[in-house]
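Q: Following this line is data-v1.cif, made up of mmCIF, C-alpha atoms:
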data_upload
loop_
_atom_site.label_atom_id
_atom_site.label_comp_id
_atom_site.auth_asym_id
_atom_site.auth_seq_id
_atom_site.Cartn_x
_atom_site.Cartn_y
_atom_site.Cartn_z
CA MET A 1 -93.42 47.26 -62.76
CA SER A 2 -93.17 50.53 -60.89
CA VAL A 3 -90.75 50.06 -57.99
CA LYS A 4 -91.54 51.87 -54.75
CA LEU A 5 -88.52 52.49 -52.54
CA ARG A 6 -88.62 53.53 -48.91
CA ARG A 7 -87.06 56.66 -47.51
CA ILE A 8 -83.60 56.17 -46.07
CA ASN A 9 -84.79 56.57 -42.49
CA GLU A 10 -87.15 53.63 -43.05
CA GLN A 11 -84.61 51.35 -44.70
CA VAL A 12 -82.44 48.37 -43.82
CA ILE A 13 -79.26 48.77 -45.88
CA VAL A 14 -76.52 46.22 -46.51
CA ILE A 15 -73.09 47.65 -47.39
CA THR A 16 -70.07 45.55 -48.32
CA GLY A 17 -66.56 46.92 -48.02
CA ALA A 18 -67.91 49.08 -45.21
CA THR A 19 -64.71 49.87 -43.29
CA SER A 20 -62.92 52.08 -45.80
CA GLY A 21 -63.42 54.69 -48.51
CA ILE A 22 -66.77 54.81 -50.28
CA GLY A 23 -68.26 52.06 -48.12
CA LEU A 24 -67.31 53.86 -44.94
CA SER A 25 -68.64 57.20 -46.22
CA THR A 26 -71.90 55.51 -47.23
CA ALA A 27 -72.28 53.76 -43.87
CA ARG A 28 -71.76 56.97 -41.92
CA MET A 29 -74.03 59.01 -44.18
CA ALA A 30 -76.77 56.38 -44.07
CA ALA A 31 -76.52 56.28 -40.28
CA GLU A 32 -76.86 60.06 -40.11
CA ARG A 33 -80.01 59.79 -42.21
CA GLY A 34 -81.59 57.20 -39.93
CA ALA A 35 -81.08 53.88 -41.72
CA ARG A 36 -80.58 50.54 -40.00
CA LEU A 37 -77.37 48.96 -41.23
CA VAL A 38 -75.84 45.58 -42.01
CA LEU A 39 -72.13 46.18 -42.53
CA ALA A 40 -69.73 43.66 -44.01
CA ALA A 41 -65.95 43.66 -44.46
CA ARG A 42 -62.95 41.39 -43.94
CA ALA A 43 -61.46 43.38 -41.05
CA ASP A 44 -63.38 42.26 -37.96
CA ASP A 45 -61.72 44.67 -35.54
CA ALA A 46 -62.48 47.64 -37.78
CA LEU A 47 -66.09 46.47 -38.13
CA ASP A 48 -66.44 46.30 -34.37
CA GLU A 49 -65.01 49.80 -33.96
CA LEU A 50 -67.28 51.21 -36.65
CA ALA A 51 -70.33 49.55 -35.13
CA HIS A 52 -69.45 51.03 -31.72
CA GLU A 53 -69.12 54.49 -33.32
CA LEU A 54 -72.49 54.28 -35.07
CA ARG A 55 -74.35 52.71 -32.15
CA ALA A 56 -73.16 55.58 -29.98
CA ARG A 57 -75.14 57.82 -32.35
CA GLY A 58 -78.26 55.69 -31.97
CA THR A 59 -77.95 53.61 -35.16
CA GLU A 60 -79.01 49.96 -35.20
CA VAL A 61 -76.08 48.05 -36.70
CA VAL A 62 -75.30 44.41 -37.46
CA THR A 63 -71.79 43.48 -38.60
CA VAL A 64 -70.63 40.42 -40.54
CA THR A 65 -66.98 39.58 -41.09
CA ALA A 66 -67.03 38.35 -44.67
CA ASP A 67 -65.00 37.93 -47.84
CA VAL A 68 -67.44 38.74 -50.66
CA GLY A 69 -65.57 36.41 -52.99
CA LYS A 70 -66.85 33.46 -50.92
CA ILE A 71 -70.48 32.46 -51.44
CA ASP A 72 -70.89 31.10 -47.91
CA ASP A 73 -69.70 34.39 -46.42
CA VAL A 74 -72.16 36.39 -48.52
CA GLU A 75 -75.00 34.08 -47.54
CA ARG A 76 -74.18 34.87 -43.90
CA ILE A 77 -74.62 38.57 -44.66
CA GLY A 78 -78.13 37.93 -45.98
CA GLU A 79 -78.99 35.66 -43.07
CA ALA A 80 -77.81 38.24 -40.53
CA ALA A 81 -79.97 40.94 -42.11
CA ILE A 82 -83.10 38.81 -42.16
CA ASP A 83 -82.53 37.42 -38.67
CA ARG A 84 -82.11 40.89 -37.16
CA PHE A 85 -84.41 43.09 -39.22
CA GLY A 86 -86.69 40.74 -41.17
CA ARG A 87 -85.98 42.32 -44.54
CA ILE A 88 -83.45 44.14 -46.73
CA ASP A 89 -84.43 47.36 -48.53
CA THR A 90 -81.12 48.21 -50.23
CA TRP A 91 -78.04 46.10 -50.88
CA VAL A 92 -74.84 47.95 -51.88
CA ASN A 93 -72.08 45.88 -53.48
CA ASN A 94 -69.13 48.16 -52.87
CA ALA A 95 -66.13 45.99 -51.94
CA GLY A 96 -63.30 46.28 -54.44
CA ILE A 97 -59.53 46.28 -54.92
CA SER A 98 -57.04 47.14 -57.65
CA ILE A 99 -53.58 46.25 -58.93
CA PHE A 100 -51.22 48.76 -60.55
CA GLY A 101 -48.83 47.38 -63.15
CA ARG A 102 -48.54 45.99 -66.67
CA ILE A 103 -50.90 43.05 -67.26
CA GLU A 104 -47.99 40.84 -68.35
CA ASP A 105 -46.08 41.48 -65.11
CA ILE A 106 -48.87 40.51 -62.71
CA SER A 107 -49.07 36.99 -61.33
CA PRO A 108 -52.06 34.81 -62.29
CA ALA A 109 -52.86 34.41 -58.57
CA ASP A 110 -53.20 38.17 -58.19
CA HIS A 111 -55.31 38.48 -61.35
CA HIS A 112 -57.67 35.81 -60.03
CA ARG A 113 -57.87 37.35 -56.55
CA LEU A 114 -58.85 40.73 -57.99
CA PHE A 115 -61.66 39.17 -60.04
CA GLN A 116 -62.79 37.11 -57.06
CA THR A 117 -63.44 40.32 -55.14
CA ASN A 118 -64.45 42.81 -57.81
CA PHE A 119 -66.56 40.61 -60.08
CA TRP A 120 -67.56 37.47 -58.19
CA GLY A 121 -68.12 39.54 -55.05
CA VAL A 122 -70.72 41.57 -56.96
CA VAL A 123 -72.27 38.44 -58.45
CA ASN A 124 -72.46 36.73 -55.05
CA GLY A 125 -73.91 39.81 -53.38
CA SER A 126 -76.41 40.49 -56.16
CA LEU A 127 -77.78 36.97 -56.22
CA GLU A 128 -78.06 36.89 -52.43
CA ALA A 129 -79.79 40.27 -52.47
CA VAL A 130 -82.29 39.23 -55.14
CA LYS A 131 -83.03 35.96 -53.34
CA ARG A 132 -83.68 37.77 -50.06
CA MET A 133 -85.43 40.86 -51.40
CA LYS A 134 -87.72 40.15 -54.33
CA LEU A 135 -90.11 37.98 -52.30
CA ARG A 136 -90.11 40.43 -49.36
CA GLY A 137 -91.34 43.56 -51.08
CA GLY A 138 -88.29 44.24 -53.27
CA GLY A 139 -85.97 47.20 -53.03
CA ALA A 140 -82.78 48.57 -54.54
CA LEU A 141 -79.66 46.70 -55.60
CA ILE A 142 -76.75 49.10 -56.13
CA ASN A 143 -73.50 47.89 -57.66
CA VAL A 144 -70.46 50.14 -57.52
CA GLY A 145 -68.73 49.98 -60.86
CA SER A 146 -66.34 52.63 -62.13
CA GLU A 147 -65.80 55.07 -64.96
CA LEU A 148 -63.59 52.18 -66.16
CA SER A 149 -66.76 50.14 -66.67
CA ASP A 150 -66.94 51.98 -70.01
CA HIS A 151 -63.31 52.16 -71.14
CA GLY A 152 -59.93 50.61 -70.55
CA ILE A 153 -56.80 52.06 -69.03
CA PRO A 154 -53.15 50.97 -68.94
CA LEU A 155 -51.57 49.89 -65.65
CA GLN A 156 -54.96 48.96 -64.18
CA GLY A 157 -56.02 46.64 -66.96
CA MET A 158 -57.46 43.82 -64.88
CA TYR A 159 -59.32 46.29 -62.66
CA ALA A 160 -60.88 47.83 -65.78
CA ALA A 161 -61.75 44.34 -67.05
CA SER A 162 -63.46 43.48 -63.76
CA LYS A 163 -65.53 46.67 -63.90
CA HIS A 164 -66.52 45.95 -67.50
CA ALA A 165 -67.69 42.55 -66.28
CA VAL A 166 -69.66 44.15 -63.44
CA LYS A 167 -71.45 46.36 -65.95
CA GLY A 168 -72.34 43.45 -68.24
CA PHE A 169 -73.60 41.37 -65.33
CA THR A 170 -75.60 44.24 -63.82
CA ASP A 171 -77.27 45.14 -67.13
CA SER A 172 -78.17 41.51 -67.85
CA LEU A 173 -79.56 40.92 -64.36
CA ARG A 174 -81.65 44.08 -64.64
CA MET A 175 -83.27 42.90 -67.86
CA GLU A 176 -84.06 39.47 -66.45
CA LEU A 177 -85.68 40.97 -63.36
CA GLU A 178 -87.66 43.45 -65.45
CA LYS A 179 -88.93 40.60 -67.63
CA GLU A 180 -90.43 38.87 -64.57
CA ASN A 181 -91.73 42.17 -63.14
CA ALA A 182 -89.67 41.75 -59.98
CA PRO A 183 -90.03 44.75 -57.64
CA MET A 184 -86.32 45.58 -57.86
CA SER A 185 -84.42 48.70 -58.86
CA ILE A 186 -80.94 47.85 -60.23
CA THR A 187 -78.39 50.67 -60.36
CA LEU A 188 -74.80 50.78 -61.56
CA VAL A 189 -72.81 53.62 -59.99
CA LYS A 190 -69.77 54.71 -62.02
CA PRO A 191 -67.46 57.01 -60.05
CA SER A 192 -64.53 59.02 -61.36
CA GLY A 193 -61.28 58.87 -59.41
CA ILE A 194 -62.23 59.22 -55.74
CA ASP A 195 -60.01 60.28 -52.84
CA THR A 196 -60.20 57.04 -50.86
CA MET A 197 -57.65 54.46 -49.71
CA PHE A 198 -57.86 52.94 -53.20
CA ALA A 199 -54.22 53.49 -54.21
CA VAL A 200 -52.67 52.47 -50.89
CA HIS A 201 -54.84 49.35 -50.65
CA ALA A 202 -53.93 48.29 -54.20
CA LYS A 203 -51.09 45.90 -54.96
CA ASN A 204 -48.27 47.61 -56.83
CA TYR A 205 -46.02 46.17 -59.55
CA MET A 206 -44.70 49.52 -60.77
CA GLU A 207 -41.33 51.12 -60.06
CA LYS A 208 -43.15 54.11 -58.54
CA GLU A 209 -45.84 54.31 -55.89
CA PRO A 210 -49.36 54.42 -57.45
CA LYS A 211 -51.67 57.38 -57.46
CA LEU A 212 -54.98 58.37 -59.02
CA PRO A 213 -54.74 60.93 -61.83
CA ALA A 214 -56.70 64.16 -61.64
CA PRO A 215 -59.52 65.02 -61.42
CA VAL A 216 -60.27 63.45 -58.04
CA TYR A 217 -63.60 63.74 -56.22
CA ALA A 218 -64.75 63.38 -52.61
CA PRO A 219 -66.09 60.00 -51.44
CA GLU A 220 -69.15 61.71 -49.96
CA LEU A 221 -70.33 62.44 -53.51
CA VAL A 222 -70.47 58.71 -54.22
CA ALA A 223 -72.17 58.00 -50.90
CA ASP A 224 -74.83 60.61 -51.64
CA ALA A 225 -75.39 59.15 -55.12
CA ILE A 226 -75.76 55.66 -53.65
CA LEU A 227 -78.29 56.82 -51.09
CA TYR A 228 -80.21 58.78 -53.73
CA ALA A 229 -80.44 55.64 -55.87
CA ALA A 230 -81.62 53.75 -52.79
CA GLN A 231 -84.73 55.98 -52.78
CA HIS A 232 -85.20 56.76 -56.48
CA PRO A 233 -84.87 54.09 -59.19
CA LYS A 234 -81.91 54.93 -61.44
CA ARG A 235 -80.31 52.80 -64.14
CA ASP A 236 -76.84 54.36 -64.14
CA VAL A 237 -75.23 57.14 -62.13
CA PHE A 238 -71.96 58.81 -63.07
CA VAL A 239 -70.21 60.45 -60.12
CA GLY A 240 -68.07 63.31 -61.36
CA GLY A 241 -68.38 65.04 -64.70
CA ALA A 242 -65.05 63.51 -65.73
CA ALA A 243 -66.58 60.02 -65.60
CA ARG A 244 -69.32 61.04 -68.04
CA MET A 245 -66.87 62.84 -70.31
CA ASN A 246 -64.53 59.86 -70.48
CA SER A 247 -67.41 57.47 -71.15
CA ALA A 248 -68.62 59.68 -73.99
CA GLY A 249 -65.13 59.99 -75.44
CA ALA A 250 -64.60 56.22 -75.38
CA ARG A 251 -67.97 55.57 -76.97
CA PHE A 252 -68.02 58.15 -79.72
CA LEU A 253 -64.31 58.73 -80.41
CA PRO A 254 -62.74 55.44 -79.36
CA ARG A 255 -59.45 55.60 -81.24
CA ALA A 256 -58.78 59.23 -80.37
CA PHE A 257 -59.66 58.50 -76.76
CA ASP A 258 -57.27 55.52 -76.73
CA LYS A 259 -54.48 57.82 -77.87
CA TYR A 260 -55.31 60.39 -75.20
CA VAL A 261 -55.33 57.76 -72.45
CA THR A 262 -52.08 56.23 -73.71
CA ALA A 263 -50.44 59.64 -73.76
CA THR A 264 -51.47 60.60 -70.24
CA MET A 265 -52.17 57.59 -68.03
CA PHE A 266 -48.78 55.89 -67.86
CA LYS A 267 -47.28 58.92 -66.14
CA GLY A 268 -50.54 60.04 -64.51
CA GLN A 269 -50.83 56.94 -62.32
CA LYS A 270 -47.31 57.10 -60.93
CA ALA A 271 -46.34 59.19 -57.93
CA ASP A 272 -42.90 60.77 -57.65
CA ALA A 273 -41.85 58.44 -54.84
CA PRO A 274 -40.15 55.15 -55.74
CA ALA A 275 -42.04 51.96 -54.93
CA ASP A 276 -41.71 50.97 -51.29
CA PRO A 277 -40.14 47.47 -51.10
CA GLY A 278 -41.93 46.85 -47.79
CA ARG A 279 -45.27 48.08 -49.07
CA ARG A 280 -48.42 46.47 -47.65
CA ASP A 281 -51.63 46.04 -49.63
CA ALA A 282 -55.12 44.66 -49.12
CA LEU A 283 -55.43 42.36 -52.13
CA HIS A 284 -55.33 39.00 -50.36
CA LYS A 285 -56.05 40.08 -46.79
CA PRO A 286 -57.11 43.33 -45.10
CA ASP A 287 -54.54 45.88 -44.03
CA HIS A 288 -55.77 46.52 -40.50
CA THR A 289 -53.51 49.57 -40.08
CA ARG A 290 -55.35 51.50 -42.80
CA GLU A 291 -58.97 50.74 -42.03
CA LEU A 292 -61.63 53.25 -40.92
CA ARG A 293 -60.26 55.98 -43.20
CA GLU A 294 -62.45 57.51 -45.86
CA ARG A 295 -59.69 59.45 -47.61
CA GLN A 296 -56.03 58.97 -48.38
CA GLY A 297 -55.34 62.65 -48.98
CA SER A 298 -54.92 63.17 -52.70
CA PRO A 299 -51.98 65.25 -54.00
CA HIS A 300 -54.51 66.79 -56.39
CA ARG A 301 -57.27 69.19 -55.45
CA VAL A 302 -60.27 67.13 -54.35
CA HIS A 303 -63.57 68.23 -55.86
CA GLU A 304 -66.08 68.38 -53.04
CA ARG A 305 -68.96 69.03 -55.44
CA SER A 306 -70.02 67.77 -58.85
CA PRO A 307 -72.62 69.94 -60.58
CA TYR A 308 -72.99 67.26 -63.27
CA THR A 309 -73.80 64.52 -60.76
CA ALA A 310 -76.17 66.76 -58.83
CA ALA A 311 -78.05 67.60 -62.03
CA GLN A 312 -78.05 63.98 -63.19
CA LEU A 313 -79.63 62.82 -59.95
CA ARG A 314 -82.10 65.54 -59.19
CA SER A 315 -82.93 67.49 -62.34
CA LYS A 316 -85.25 66.68 -65.18
CA GLN A 317 -84.08 64.41 -67.98
CA ILE A 318 -83.63 67.28 -70.40
CA THR A 319 -81.02 68.85 -68.11
CA THR A 320 -79.14 65.58 -67.91
CA ALA A 321 -79.28 65.21 -71.68
CA LEU A 322 -77.88 68.71 -72.19
CA LEU A 323 -75.07 68.06 -69.72
CA GLY A 324 -74.32 64.74 -71.38
CA GLY A 325 -74.11 66.52 -74.72
CA GLY A 326 -71.76 69.08 -73.19
CA ALA A 327 -69.57 66.29 -71.88
CA LEU A 328 -69.45 64.74 -75.35
CA LEU A 329 -68.41 68.03 -76.92
CA ALA A 330 -65.71 68.43 -74.28
CA ALA A 331 -64.42 64.93 -75.01
CA PHE A 332 -64.35 65.71 -78.73
CA ALA A 333 -62.40 68.92 -78.18
CA LEU A 334 -59.94 67.13 -75.89
CA SER A 335 -59.39 64.39 -78.43
CA ARG A 336 -58.78 66.96 -81.18
CA ARG A 337 -56.09 68.63 -79.08
CA THR A 338 -54.47 65.29 -78.27
CA ALA A 339 -54.41 64.21 -81.92
CA ARG A 340 -52.42 67.30 -82.97
#
Now, as a test, write the supplied structure out as structure tokens.
A:
Amino acid sequence: MSVKLRRINEQVIVITGATSGIGLSTARMAAERGARLVLAARADDALDELAHELRARGTEVVTVTADVGKIDDVERIGEAAIDRFGRIDTWVNNAGISIFGRIEDISPADHHRLFQTNFWGVVNGSLEAVKRMKLRGGGALINVGSELSDHGIPLQGMYAASKHAVKGFTDSLRMELEKENAPMSITLVKPSGIDTMFAVHAKNYMEKEPKLPAPVYAPELVADAILYAAQHPKRDVFVGGAARMNSAGARFLPRAFDKYVTATMFKGQKADAPADPGRRDALHKPDHTRELRERQGSPHRVHERSPYTAAQLRSKQITTALLGGGALLAAFALSRRTAR
């Protein structure tokens, strides 16, 4: 079935994890483009402040304080959208969290909490979105995965596992909906490292403070990709050429890519500063002191543009194929240098 998606200024958009990072960038960008918004997050005070900011610009906003890992909370998001606007055009499952440290060192409770948010939060949101949308004209379901949906990484092993699970779930749901000709577009967005509050919100088990390795991209690039997919059916969207290159390397040169990641990512995810013994994180509850910030301020240069992503979204398929081939060649060359 051909899926027809509305323009952003005609849409009702649900965004989870809306008070920080990618979710916050997406909410603000969608508001600028005229969408009506249903924003969900755990931090009620930050939600209220964000709603006040957007309403002052003329945006219609509904907020729902919710933990996406809880089915009842996610159902309240869907109910609020239908009660206020009568429909949902796009649902963005964005809420997520990470843990830095060796898998063996992390407590089972923390492992389970991460999966409750990153995986079950996407499952809960997706099923609620499909239930509310497919009988009301359909629309777009957009799940925010990661470049780690396609390969593993040390020191964020359970995060990578959760994003692999998100990919498997999203692909399977897409096929089931296509089989029944449901009027739904299902997109998995796979960002590279993004300059958000990701590292400071994560729980840390390392002896050093965590950081994202270069290259790092701007959160607005992800927001723009999400809103593009909300209007144009896309299966997968890589944000940042590095995400595509790493995916290609893991797929076509898996053992060489493993060696490259092992050689670079143990050091690359550790800042120079020792771990703060009084460090706060947002794994089990929101850190209210760090909400309403899109960026942490990366020590690396932040890429404000991604020619690969721009071409992938807006150019013809042949251009995307050529760029994908270039990314594969780059991954091969990188692996050859690492193996020497």
Q: Considering all atoms listed in the file, return as a list in words whatever protein or nucleic-acid residues lie within 10 Å of A:Asp67, sequence-local ones (same chain, fewer than 4 positions apart) excluded.
A: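 In the requested format, the answer is Thr16, Gly17, Ala40, Ala41, Arg42, Ala43, Ile71, Asp72, Asp73, Val74, Ala95, Gln116, Thr117, Gly121, Lys285 and Pro286 of chain A.
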Q: Generate a file of the selected residues that holds C-alpha atoms, formatted as a compact mmCIF listing (two decimals), in the coordinates of the input.
A:
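The new file result.txt reads:
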# COMPACT_ATOMS: atom_id res chain seq x y z
CA THR A 16 -70.07 45.55 -48.32
CA GLY A 17 -66.56 46.92 -48.02
CA ALA A 40 -69.73 43.66 -44.01
CA ALA A 41 -65.95 43.66 -44.46
CA ARG A 42 -62.95 41.39 -43.94
CA ALA A 43 -61.46 43.38 -41.05
CA ILE A 71 -70.48 32.46 -51.44
CA ASP A 72 -70.89 31.10 -47.91
CA ASP A 73 -69.70 34.39 -46.42
CA VAL A 74 -72.16 36.39 -48.52
CA ALA A 95 -66.13 45.99 -51.94
CA GLN A 116 -62.79 37.11 -57.06
CA THR A 117 -63.44 40.32 -55.14
CA GLY A 121 -68.12 39.54 -55.05
CA LYS A 285 -56.05 40.08 -46.79
CA PRO A 286 -57.11 43.33 -45.10
Q: Considering all atoms listed in the file, can you say which of A:Thr262, A:Arg113, A:Ser107, A:Thr187 comes closest to A:Leu227?
A: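 Ranking A:Thr262, A:Arg113, A:Ser107, A:Thr187 by distance to A:Leu227, first place goes to A:Thr187.
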Q: Which polymer residues have any atom within 8 Å of an atom of A:Thr90, counting only C-alpha atoms, with same-chain residues fewer than 5 positions away left out, as an NGL selection string?
A: :A and (11-14 or 139-142 or 230)
Q: Given the file shown, determine the residues that the PyMOL selection byres ((chain A and resi 37-39) around 8) selects; report them as a VMD selection string.
A: chain A and resid 12 to 18 27 30 to 31 35 to 36 40 to 41 47 59 to 64 77 80 to 81
Q: Which residue gives the smallest distance to A:His111 among A:Val3, A:Ala218, A:Ile226, A:Met158, with all atoms listed in the file counted?
A: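 For A:His111, the nearest of the given residues is A:Met158.
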Q: To verify the selection step, state as a ChimeraX atom specification which residues the PyMOL selection byres ((chain A and resi 134) around 10) yields on this input.
A: /A:88-89,129-133,135-140,177,181-184
Q: So how many Å separate atom CA of A:Asn9 and atom CA of A:Gly78, to one decimal?
A: 20.1 Å
Q: For the PyMOL selection byres ((chain A and resi 162-173) around 10), applied here, can you spell out every residue it catches as a PDB file with C-alpha atoms, keeping the file's coordinate frame?
A:
ATOM      1  CA  GLY A  96     -63.300  46.280 -54.440  1.00  0.00           C
ATOM      2  CA  SER A  98     -57.040  47.140 -57.650  1.00  0.00           C
ATOM      3  CA  HIS A 111     -55.310  38.480 -61.350  1.00  0.00           C
ATOM      4  CA  LEU A 114     -58.850  40.730 -57.990  1.00  0.00           C
ATOM      5  CA  PHE A 115     -61.660  39.170 -60.040  1.00  0.00           C
ATOM      6  CA  GLN A 116     -62.790  37.110 -57.060  1.00  0.00           C
ATOM      7  CA  THR A 117     -63.440  40.320 -55.140  1.00  0.00           C
ATOM      8  CA  ASN A 118     -64.450  42.810 -57.810  1.00  0.00           C
ATOM      9  CA  PHE A 119     -66.560  40.610 -60.080  1.00  0.00           C
ATOM     10  CA  TRP A 120     -67.560  37.470 -58.190  1.00  0.00           C
ATOM     11  CA  GLY A 121     -68.120  39.540 -55.050  1.00  0.00           C
ATOM     12  CA  VAL A 122     -70.720  41.570 -56.960  1.00  0.00           C
ATOM     13  CA  VAL A 123     -72.270  38.440 -58.450  1.00  0.00           C
ATOM     14  CA  SER A 126     -76.410  40.490 -56.160  1.00  0.00           C
ATOM     15  CA  LEU A 127     -77.780  36.970 -56.220  1.00  0.00           C
ATOM     16  CA  VAL A 130     -82.290  39.230 -55.140  1.00  0.00           C
ATOM     17  CA  LEU A 141     -79.660  46.700 -55.600  1.00  0.00           C
ATOM     18  CA  ILE A 142     -76.750  49.100 -56.130  1.00  0.00           C
ATOM     19  CA  ASN A 143     -73.500  47.890 -57.660  1.00  0.00           C
ATOM     20  CA  VAL A 144     -70.460  50.140 -57.520  1.00  0.00           C
ATOM     21  CA  GLY A 145     -68.730  49.980 -60.860  1.00  0.00           C
ATOM     22  CA  SER A 146     -66.340  52.630 -62.130  1.00  0.00           C
ATOM     23  CA  GLU A 147     -65.800  55.070 -64.960  1.00  0.00           C
ATOM     24  CA  LEU A 148     -63.590  52.180 -66.160  1.00  0.00           C
ATOM     25  CA  SER A 149     -66.760  50.140 -66.670  1.00  0.00           C
ATOM     26  CA  ASP A 150     -66.940  51.980 -70.010  1.00  0.00           C
ATOM     27  CA  HIS A 151     -63.310  52.160 -71.140  1.00  0.00           C
ATOM     28  CA  GLY A 152     -59.930  50.610 -70.550  1.00  0.00           C
ATOM     29  CA  GLY A 157     -56.020  46.640 -66.960  1.00  0.00           C
ATOM     30  CA  MET A 158     -57.460  43.820 -64.880  1.00  0.00           C
ATOM     31  CA  TYR A 159     -59.320  46.290 -62.660  1.00  0.00           C
ATOM     32  CA  ALA A 160     -60.880  47.830 -65.780  1.00  0.00           C
ATOM     33  CA  ALA A 161     -61.750  44.340 -67.050  1.00  0.00           C
ATOM     34  CA  ARG A 174     -81.650  44.080 -64.640  1.00  0.00           C
ATOM     35  CA  MET A 175     -83.270  42.900 -67.860  1.00  0.00           C
ATOM     36  CA  GLU A 176     -84.060  39.470 -66.450  1.00  0.00           C
ATOM     37  CA  LEU A 177     -85.680  40.970 -63.360  1.00  0.00           C
ATOM     38  CA  GLU A 178     -87.660  43.450 -65.450  1.00  0.00           C
ATOM     39  CA  LYS A 179     -88.930  40.600 -67.630  1.00  0.00           C
ATOM     40  CA  ILE A 186     -80.940  47.850 -60.230  1.00  0.00           C
ATOM     41  CA  THR A 187     -78.390  50.670 -60.360  1.00  0.00           C
ATOM     42  CA  LEU A 188     -74.800  50.780 -61.560  1.00  0.00           C
ATOM     43  CA  VAL A 189     -72.810  53.620 -59.990  1.00  0.00           C
ATOM     44  CA  LYS A 190     -69.770  54.710 -62.020  1.00  0.00           C
ATOM     45  CA  ARG A 235     -80.310  52.800 -64.140  1.00  0.00           C
ATOM     46  CA  ASP A 236     -76.840  54.360 -64.140  1.00  0.00           C
TER      47      ASP A 236
END
Q: Can you work out the spacing between atom CA of A:Ser25 and atom CA of A:Gln296 in Å, to one decimal?
A: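 So the two atoms, atom CA of A:Ser25 and atom CA of A:Gln296, lie 12.9 Å apart.
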Q: Identify which of the residues A:Val237, A:Ala311, A:Leu155, A:Ala282 lies closest to A:Lys211, counting all atoms listed in the file when measuring atom-to-atom distances.
A: A:Leu155
Q: Tell me which of A:Met197, A:Leu313, A:Leu212, A:Ala46 sits closest to A:Phe238, counting all atoms listed in the file.
A: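 That would be A:Leu313, the residue with the smallest distance to A:Phe238.
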Q: Suppose you want the space between atom CA of A:Thr26 and atom CA of A:Leu221; what is it in Å?
A: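 So the answer is 9.5 Å.
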Q: Out of A:Ile194, A:Ile97, A:Ile8, A:Val239, which residue has the shortest atom-to-atom distance to A:Asp110 when counting all atoms listed in the file?
A: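 Among the listed residues, A:Ile97 lies closest to A:Asp110.
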Q: Can you list, as a list in words, every protein, DNA or RNA residue that comes within 9 Å of A:Glu75 when you count all atoms listed in the file, leaving out same-chain residues fewer than 5 positions away?
A: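 Listed by chain and then number, they are Lys70, Ala80, Asn124, Gly125 and Glu128 of chain A.
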Q: Which residues are near A:Ala275? Cut-off 7 Å, all atoms listed in the file, ignore same chain within fewer than 6 positions. Put them as a ChimeraX atom specification.
A: /A:206-209
Q: Near A:Thr19, counting only C-alpha atoms, which residues have an atom at most 6 Å away, once you skip same-chain residues fewer than 5 positions from it, shown as a PyMOL selection string?
A: chain A and resi 24+291-292
